[in-house]
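The block underneath contains the structure these notes are about, expressed in structure tokens.
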Amino acid sequence: MESSKSEILFSLLTAFLYHCFLSITMDTLFPINPVTPEGFSYIPEFLSMAEEEKLLHEIKEVQLHTFQFQGYEAKRKVKSFGYDYNFNQRSITKGEPIPEGFDFLLQKISDKLNIDKERFAELLVTEYPVGSVINWHRDAPPFELIAGISLSSDCTFRLRPYDKEKQGRKSIISLPVKRRSLYVIDGASRSEWEHSITPVKAVRYSITLRTLRNDAQH
Ligand SMILES: O=C(O)CCC(=O)C(=O)O
Ligand SMILES: [Fe+2]
């Protein structure tokens, strides 16, 4: 009798300690919900594998060119459809229409975000060769909401306050952004934060959709 009582006590204690161990390691090793700025959202597995395939197939048809900014050539390659922002002239111009093959994606994202699909004024395709990055930036002022799709490989997406006085190593939020996911940058994460991507380990493609601000000149 005595021994079964102590056995019960012992198993209760073991279960309790195991529970403590799990909650500590889960909290520290696997942050399930990293705190992100207001307006930022992340949806893993937004696309099926078949949809990812379809988009990669569509991207093969796109003529990409290296991104140039004020005489500096980045390693990543891009192609913009719809309204494009010219960094040198600091204005937007209407370019080629968004190819129909991307239509299902625009529909799927606008359904998810509950916005009219016609509001997506730009679709940008980007290819990141191994080791390439996108440096800290805020997207061009005429654009409002940004929706980002990741294809082919995962990346580390970072956010930090735009205000230099609020910046520091501790203010950087690093998020694992997986292939086939969707992220949305709106609200404060759009206006008060900037973002970047660390060197990619395998070739990555992204599709960035942007809406125009109501007061944008076009
Ligand atoms: O590749 C991405 O997901 C980010 C692209 C981006 O930030 C941009 O083009 O402004
Ligand atoms: Fe961006």
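Identifiers for the structure tokens are assigned positionally: chains receive A, B, ... in sequence, residues are indexed from 1 per chain, and ligands are indexed from 1 in the order shown.
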Can you list, as a PyMOL selection string, every residue of segment 17-205 of chain A that DSSP puts in strand (DSSP E or B)?
chain A and resi 40-43+65-69+72-86+91-94+120-128+134-137+143-151+155-161+173-177+182-185+193-197+204-205
Writer output for current selection, C-alpha atoms, as a PDB file, in the first residue's frame:
```
ATOM      1  CA  PHE A  40       2.310  41.861 -40.814  1.00  0.00           C
ATOM      2  CA  SER A  41       0.873  38.398 -41.358  1.00  0.00           C
ATOM      3  CA  TYR A  42       2.308  35.075 -42.423  1.00  0.00           C
ATOM      4  CA  ILE A  43       0.426  32.096 -43.834  1.00  0.00           C
ATOM      5  CA  HIS A  65      16.940  41.150 -65.896  1.00  0.00           C
ATOM      6  CA  THR A  66      19.360  42.104 -63.126  1.00  0.00           C
ATOM      7  CA  PHE A  67      18.037  44.749 -60.762  1.00  0.00           C
ATOM      8  CA  GLN A  68      19.856  48.061 -61.117  1.00  0.00           C
ATOM      9  CA  PHE A  69      19.697  50.958 -58.714  1.00  0.00           C
ATOM     10  CA  TYR A  72      24.645  49.553 -58.689  1.00  0.00           C
ATOM     11  CA  GLU A  73      23.760  46.100 -60.007  1.00  0.00           C
ATOM     12  CA  ALA A  74      22.259  43.606 -57.565  1.00  0.00           C
ATOM     13  CA  LYS A  75      22.615  39.849 -57.981  1.00  0.00           C
ATOM     14  CA  ARG A  76      18.888  39.276 -58.014  1.00  0.00           C
ATOM     15  CA  LYS A  77      16.871  39.313 -61.217  1.00  0.00           C
ATOM     16  CA  VAL A  78      13.483  40.923 -61.632  1.00  0.00           C
ATOM     17  CA  LYS A  79      10.598  41.584 -63.978  1.00  0.00           C
ATOM     18  CA  SER A  80       7.714  43.880 -63.152  1.00  0.00           C
ATOM     19  CA  PHE A  81       4.227  43.833 -64.664  1.00  0.00           C
ATOM     20  CA  GLY A  82       1.547  46.471 -64.290  1.00  0.00           C
ATOM     21  CA  TYR A  83       2.701  49.671 -62.596  1.00  0.00           C
ATOM     22  CA  ASP A  84       6.433  49.865 -62.045  1.00  0.00           C
ATOM     23  CA  TYR A  85       8.292  52.334 -59.859  1.00  0.00           C
ATOM     24  CA  ASN A  86      11.228  54.076 -61.435  1.00  0.00           C
ATOM     25  CA  SER A  91       7.489  57.955 -60.208  1.00  0.00           C
ATOM     26  CA  ILE A  92       5.358  55.077 -61.447  1.00  0.00           C
ATOM     27  CA  THR A  93       4.743  54.151 -65.050  1.00  0.00           C
ATOM     28  CA  LYS A  94       2.353  51.644 -66.561  1.00  0.00           C
ATOM     29  CA  PHE A 120      -3.223  44.637 -57.384  1.00  0.00           C
ATOM     30  CA  ALA A 121      -1.504  47.209 -59.588  1.00  0.00           C
ATOM     31  CA  GLU A 122       1.889  45.506 -59.776  1.00  0.00           C
ATOM     32  CA  LEU A 123       3.195  41.964 -59.952  1.00  0.00           C
ATOM     33  CA  LEU A 124       6.942  41.620 -59.505  1.00  0.00           C
ATOM     34  CA  VAL A 125       8.812  38.376 -60.170  1.00  0.00           C
ATOM     35  CA  THR A 126      12.209  38.072 -58.473  1.00  0.00           C
ATOM     36  CA  GLU A 127      14.864  35.385 -58.783  1.00  0.00           C
ATOM     37  CA  TYR A 128      17.456  35.135 -56.008  1.00  0.00           C
ATOM     38  CA  ILE A 134      17.574  42.026 -50.668  1.00  0.00           C
ATOM     39  CA  ASN A 135      18.979  44.769 -48.460  1.00  0.00           C
ATOM     40  CA  TRP A 136      17.057  46.786 -45.869  1.00  0.00           C
ATOM     41  CA  HIS A 137      14.365  48.899 -47.517  1.00  0.00           C
ATOM     42  CA  PHE A 143       2.414  51.384 -53.199  1.00  0.00           C
ATOM     43  CA  GLU A 144       0.307  50.398 -50.215  1.00  0.00           C
ATOM     44  CA  LEU A 145      -0.295  46.742 -49.279  1.00  0.00           C
ATOM     45  CA  ILE A 146       2.393  44.199 -50.193  1.00  0.00           C
ATOM     46  CA  ALA A 147       1.709  40.461 -50.576  1.00  0.00           C
ATOM     47  CA  GLY A 148       4.712  38.137 -50.969  1.00  0.00           C
ATOM     48  CA  ILE A 149       4.747  34.557 -52.249  1.00  0.00           C
ATOM     49  CA  SER A 150       7.856  32.376 -51.836  1.00  0.00           C
ATOM     50  CA  LEU A 151       8.709  29.630 -54.323  1.00  0.00           C
ATOM     51  CA  CYS A 155      14.486  32.226 -46.687  1.00  0.00           C
ATOM     52  CA  THR A 156      15.109  34.287 -43.589  1.00  0.00           C
ATOM     53  CA  PHE A 157      12.965  37.399 -43.755  1.00  0.00           C
ATOM     54  CA  ARG A 158      13.859  40.231 -41.376  1.00  0.00           C
ATOM     55  CA  LEU A 159      12.049  43.285 -40.094  1.00  0.00           C
ATOM     56  CA  ARG A 160      13.441  46.245 -38.149  1.00  0.00           C
ATOM     57  CA  PRO A 161      12.107  49.717 -37.277  1.00  0.00           C
ATOM     58  CA  ILE A 173      12.892  40.322 -36.008  1.00  0.00           C
ATOM     59  CA  SER A 174      14.005  37.257 -38.016  1.00  0.00           C
ATOM     60  CA  LEU A 175      11.322  35.032 -39.478  1.00  0.00           C
ATOM     61  CA  PRO A 176      11.730  31.741 -41.298  1.00  0.00           C
ATOM     62  CA  VAL A 177       9.649  32.251 -44.462  1.00  0.00           C
ATOM     63  CA  LEU A 182       2.239  34.051 -48.199  1.00  0.00           C
ATOM     64  CA  TYR A 183       3.225  37.080 -46.142  1.00  0.00           C
ATOM     65  CA  VAL A 184       1.438  40.397 -46.048  1.00  0.00           C
ATOM     66  CA  ILE A 185       3.018  43.744 -45.184  1.00  0.00           C
ATOM     67  CA  TRP A 193       9.274  49.082 -40.458  1.00  0.00           C
ATOM     68  CA  GLU A 194      11.706  48.044 -43.151  1.00  0.00           C
ATOM     69  CA  HIS A 195      12.528  44.536 -44.343  1.00  0.00           C
ATOM     70  CA  SER A 196      15.376  42.511 -45.855  1.00  0.00           C
ATOM     71  CA  ILE A 197      16.277  38.923 -46.777  1.00  0.00           C
ATOM     72  CA  ARG A 204      14.501  31.262 -54.547  1.00  0.00           C
ATOM     73  CA  TYR A 205      11.729  32.913 -56.538  1.00  0.00           C
TER      74      TYR A 205
END
```
I'd like the neighbourhood of Gly39 of chain A as a ChimeraX atom specification, where a residue qualifies if any of its atoms comes within 6 Å (using only C-alpha atoms), though same-chain residues fewer than 5 positions away should be ignored.
/A:186-189
For the residues in that selection, give me C-alpha atoms as a short mmCIF file (atom, residue, chain, number, x, y, z; two decimals), in the first residue's frame.
```cif
data_model
loop_
_atom_site.label_atom_id
_atom_site.label_comp_id
_atom_site.auth_asym_id
_atom_site.auth_seq_id
_atom_site.Cartn_x
_atom_site.Cartn_y
_atom_site.Cartn_z
CA ASP A 186 0.46 46.42 -44.37
CA GLY A 187 -0.26 48.96 -41.61
CA ALA A 188 2.66 49.75 -39.29
CA SER A 189 4.82 46.95 -40.74
#
```
For Pro199 of chain A, find every residue with an atom within 7 Å (counting only C-alpha atoms), except residues of its own chain fewer than 3 positions away, and show them as an mmCIF file with C-alpha atoms, in the first residue's frame.
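Output below, filename out.cif:
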```
data_model
loop_
_atom_site.group_PDB
_atom_site.id
_atom_site.type_symbol
_atom_site.label_atom_id
_atom_site.label_comp_id
_atom_site.auth_asym_id
_atom_site.auth_seq_id
_atom_site.Cartn_x
_atom_site.Cartn_y
_atom_site.Cartn_z
ATOM 1 C CA GLY A 131 23.943 33.850 -51.918
ATOM 2 C CA SER A 132 21.881 36.835 -53.080
ATOM 3 C CA VAL A 133 19.941 39.131 -50.795
#
```
Name the residues of segment 28-179 of chain A that fall into helix (DSSP H, G or I) according to DSSP on the backbone, using the chain letters and numbers of this document, as a PyMOL selection string.
chain A and resi 28-29+49-60+100-113+117-119+164-166+169-171
So that I have them on file, write out the residues from the current selection with N, CA and C atoms, as a CSV table (one decimal), in the first residue's frame.
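Heads up, here's the output in result-v4.csv:
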```csv
chain,number,residue,atom,x,y,z
A,28,THR,N,11.7,28.2,-25.8
A,28,THR,CA,13.0,28.8,-26.1
A,28,THR,C,13.5,28.3,-27.4
A,29,LEU,N,13.3,27.1,-27.8
A,29,LEU,CA,13.9,26.5,-29.0
A,29,LEU,C,13.0,26.7,-30.2
A,49,MET,N,1.5,22.2,-53.7
A,49,MET,CA,2.7,21.9,-54.5
A,49,MET,C,2.4,22.1,-56.0
A,50,ALA,N,1.2,21.7,-56.3
A,50,ALA,CA,0.8,21.8,-57.8
A,50,ALA,C,0.7,23.3,-58.2
A,51,GLU,N,0.2,24.1,-57.3
A,51,GLU,CA,0.2,25.6,-57.6
A,51,GLU,C,1.6,26.2,-57.7
A,52,GLU,N,2.5,25.7,-56.8
A,52,GLU,CA,3.8,26.2,-56.8
A,52,GLU,C,4.5,25.8,-58.2
A,53,GLU,N,4.3,24.6,-58.6
A,53,GLU,CA,4.8,24.1,-59.9
A,53,GLU,C,4.3,25.0,-61.0
A,54,LYS,N,3.0,25.2,-61.0
A,54,LYS,CA,2.3,26.0,-62.1
A,54,LYS,C,3.0,27.4,-62.1
A,55,LEU,N,3.2,28.0,-61.0
A,55,LEU,CA,3.8,29.4,-61.0
A,55,LEU,C,5.3,29.3,-61.5
A,56,LEU,N,6.0,28.3,-61.1
A,56,LEU,CA,7.4,28.2,-61.5
A,56,LEU,C,7.4,28.0,-63.0
A,57,HIS,N,6.5,27.3,-63.6
A,57,HIS,CA,6.4,27.1,-65.0
A,57,HIS,C,6.1,28.4,-65.7
A,58,GLU,N,5.2,29.2,-65.1
A,58,GLU,CA,4.9,30.5,-65.6
A,58,GLU,C,6.1,31.5,-65.6
A,59,ILE,N,6.9,31.4,-64.5
A,59,ILE,CA,8.1,32.2,-64.4
A,59,ILE,C,9.1,31.9,-65.4
A,60,LYS,N,9.2,30.6,-65.9
A,60,LYS,CA,10.1,30.2,-66.9
A,60,LYS,C,9.9,31.1,-68.2
A,100,GLU,N,-1.7,36.4,-68.0
A,100,GLU,CA,-2.9,35.6,-67.5
A,100,GLU,C,-2.6,34.4,-66.6
A,101,GLY,N,-1.5,33.8,-66.8
A,101,GLY,CA,-1.1,32.7,-66.1
A,101,GLY,C,-1.0,32.9,-64.6
A,102,PHE,N,-0.9,34.2,-64.2
A,102,PHE,CA,-0.8,34.5,-62.7
A,102,PHE,C,-2.2,34.9,-62.2
A,103,ASP,N,-3.2,34.8,-63.0
A,103,ASP,CA,-4.6,35.2,-62.6
A,103,ASP,C,-5.1,34.4,-61.4
A,104,PHE,N,-4.9,33.1,-61.4
A,104,PHE,CA,-5.4,32.3,-60.3
A,104,PHE,C,-4.7,32.7,-59.0
A,105,LEU,N,-3.5,33.2,-59.0
A,105,LEU,CA,-2.8,33.6,-57.8
A,105,LEU,C,-3.4,34.9,-57.3
A,106,LEU,N,-3.6,35.9,-58.2
A,106,LEU,CA,-4.2,37.1,-57.8
A,106,LEU,C,-5.6,36.9,-57.2
A,107,GLN,N,-6.3,35.9,-57.8
A,107,GLN,CA,-7.7,35.6,-57.3
A,107,GLN,C,-7.6,35.0,-55.9
A,108,LYS,N,-6.6,34.1,-55.7
A,108,LYS,CA,-6.5,33.4,-54.4
A,108,LYS,C,-6.1,34.3,-53.3
A,109,ILE,N,-5.1,35.2,-53.6
A,109,ILE,CA,-4.7,36.2,-52.6
A,109,ILE,C,-5.8,37.2,-52.3
A,110,SER,N,-6.4,37.7,-53.3
A,110,SER,CA,-7.5,38.7,-53.0
A,110,SER,C,-8.6,38.1,-52.3
A,111,ASP,N,-9.0,36.8,-52.6
A,111,ASP,CA,-10.0,36.1,-51.8
A,111,ASP,C,-9.6,36.1,-50.3
A,112,LYS,N,-8.3,35.7,-50.1
A,112,LYS,CA,-7.9,35.5,-48.7
A,112,LYS,C,-7.9,36.8,-48.0
A,113,LEU,N,-7.5,37.9,-48.7
A,113,LEU,CA,-7.4,39.2,-48.0
A,113,LEU,C,-8.7,40.0,-48.1
A,117,LYS,N,-9.5,42.0,-56.6
A,117,LYS,CA,-8.3,41.6,-57.3
A,117,LYS,C,-7.7,42.7,-58.2
A,118,GLU,N,-8.6,43.5,-58.7
A,118,GLU,CA,-8.2,44.6,-59.6
A,118,GLU,C,-7.3,45.6,-58.8
A,119,ARG,N,-7.3,45.5,-57.5
A,119,ARG,CA,-6.5,46.5,-56.8
A,119,ARG,C,-5.0,46.2,-56.8
A,164,LYS,N,15.9,55.3,-37.4
A,164,LYS,CA,17.3,54.9,-37.1
A,164,LYS,C,17.5,54.8,-35.6
A,165,GLU,N,16.8,55.7,-34.9
A,165,GLU,CA,16.9,55.8,-33.4
A,165,GLU,C,16.4,54.5,-32.7
A,166,LYS,N,15.5,53.8,-33.4
A,166,LYS,CA,14.9,52.6,-32.8
A,166,LYS,C,15.6,51.4,-33.2
A,169,ARG,N,20.7,45.8,-32.8
A,169,ARG,CA,20.6,44.3,-33.0
A,169,ARG,C,19.4,43.7,-32.5
A,170,LYS,N,19.0,44.2,-31.3
A,170,LYS,CA,17.8,43.6,-30.6
A,170,LYS,C,16.5,43.9,-31.2
A,171,SER,N,16.5,44.9,-32.1
A,171,SER,CA,15.2,45.3,-32.7
A,171,SER,C,14.9,44.6,-34.0
```
Among listed residues A:Arg180, A:Ala140, A:Glu192, A:Asp215, nearest ligand 2 (using only C-alpha atoms and all ligand atoms):
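Checking each candidate against ligand 2, we get A:Ala140 as the closest.
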Nearby residues (only C-alpha atoms) at most 8 Å from Ala202 of chain A, same-chain spacing under 3 positions excluded, as a list in words
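Final neighbour list, sorted by chain and number: Pro129, Val130, Gly131 and Ser153 of chain A.
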Measuring between only C-alpha atoms and all ligand atoms, which one of A:Ile172, A:Gln167, A:Asp116, A:Pro141 shows the shortest distance to ligand 1?
A:Pro141
Pairwise distance for atom CA of Asp139 of chain A and atom CA of Val200 of chain A, rounded to one decimal in Å:
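If I compute the distance from atom CA of Asp139 of chain A to atom CA of Val200 of chain A, I get 20.1 Å.
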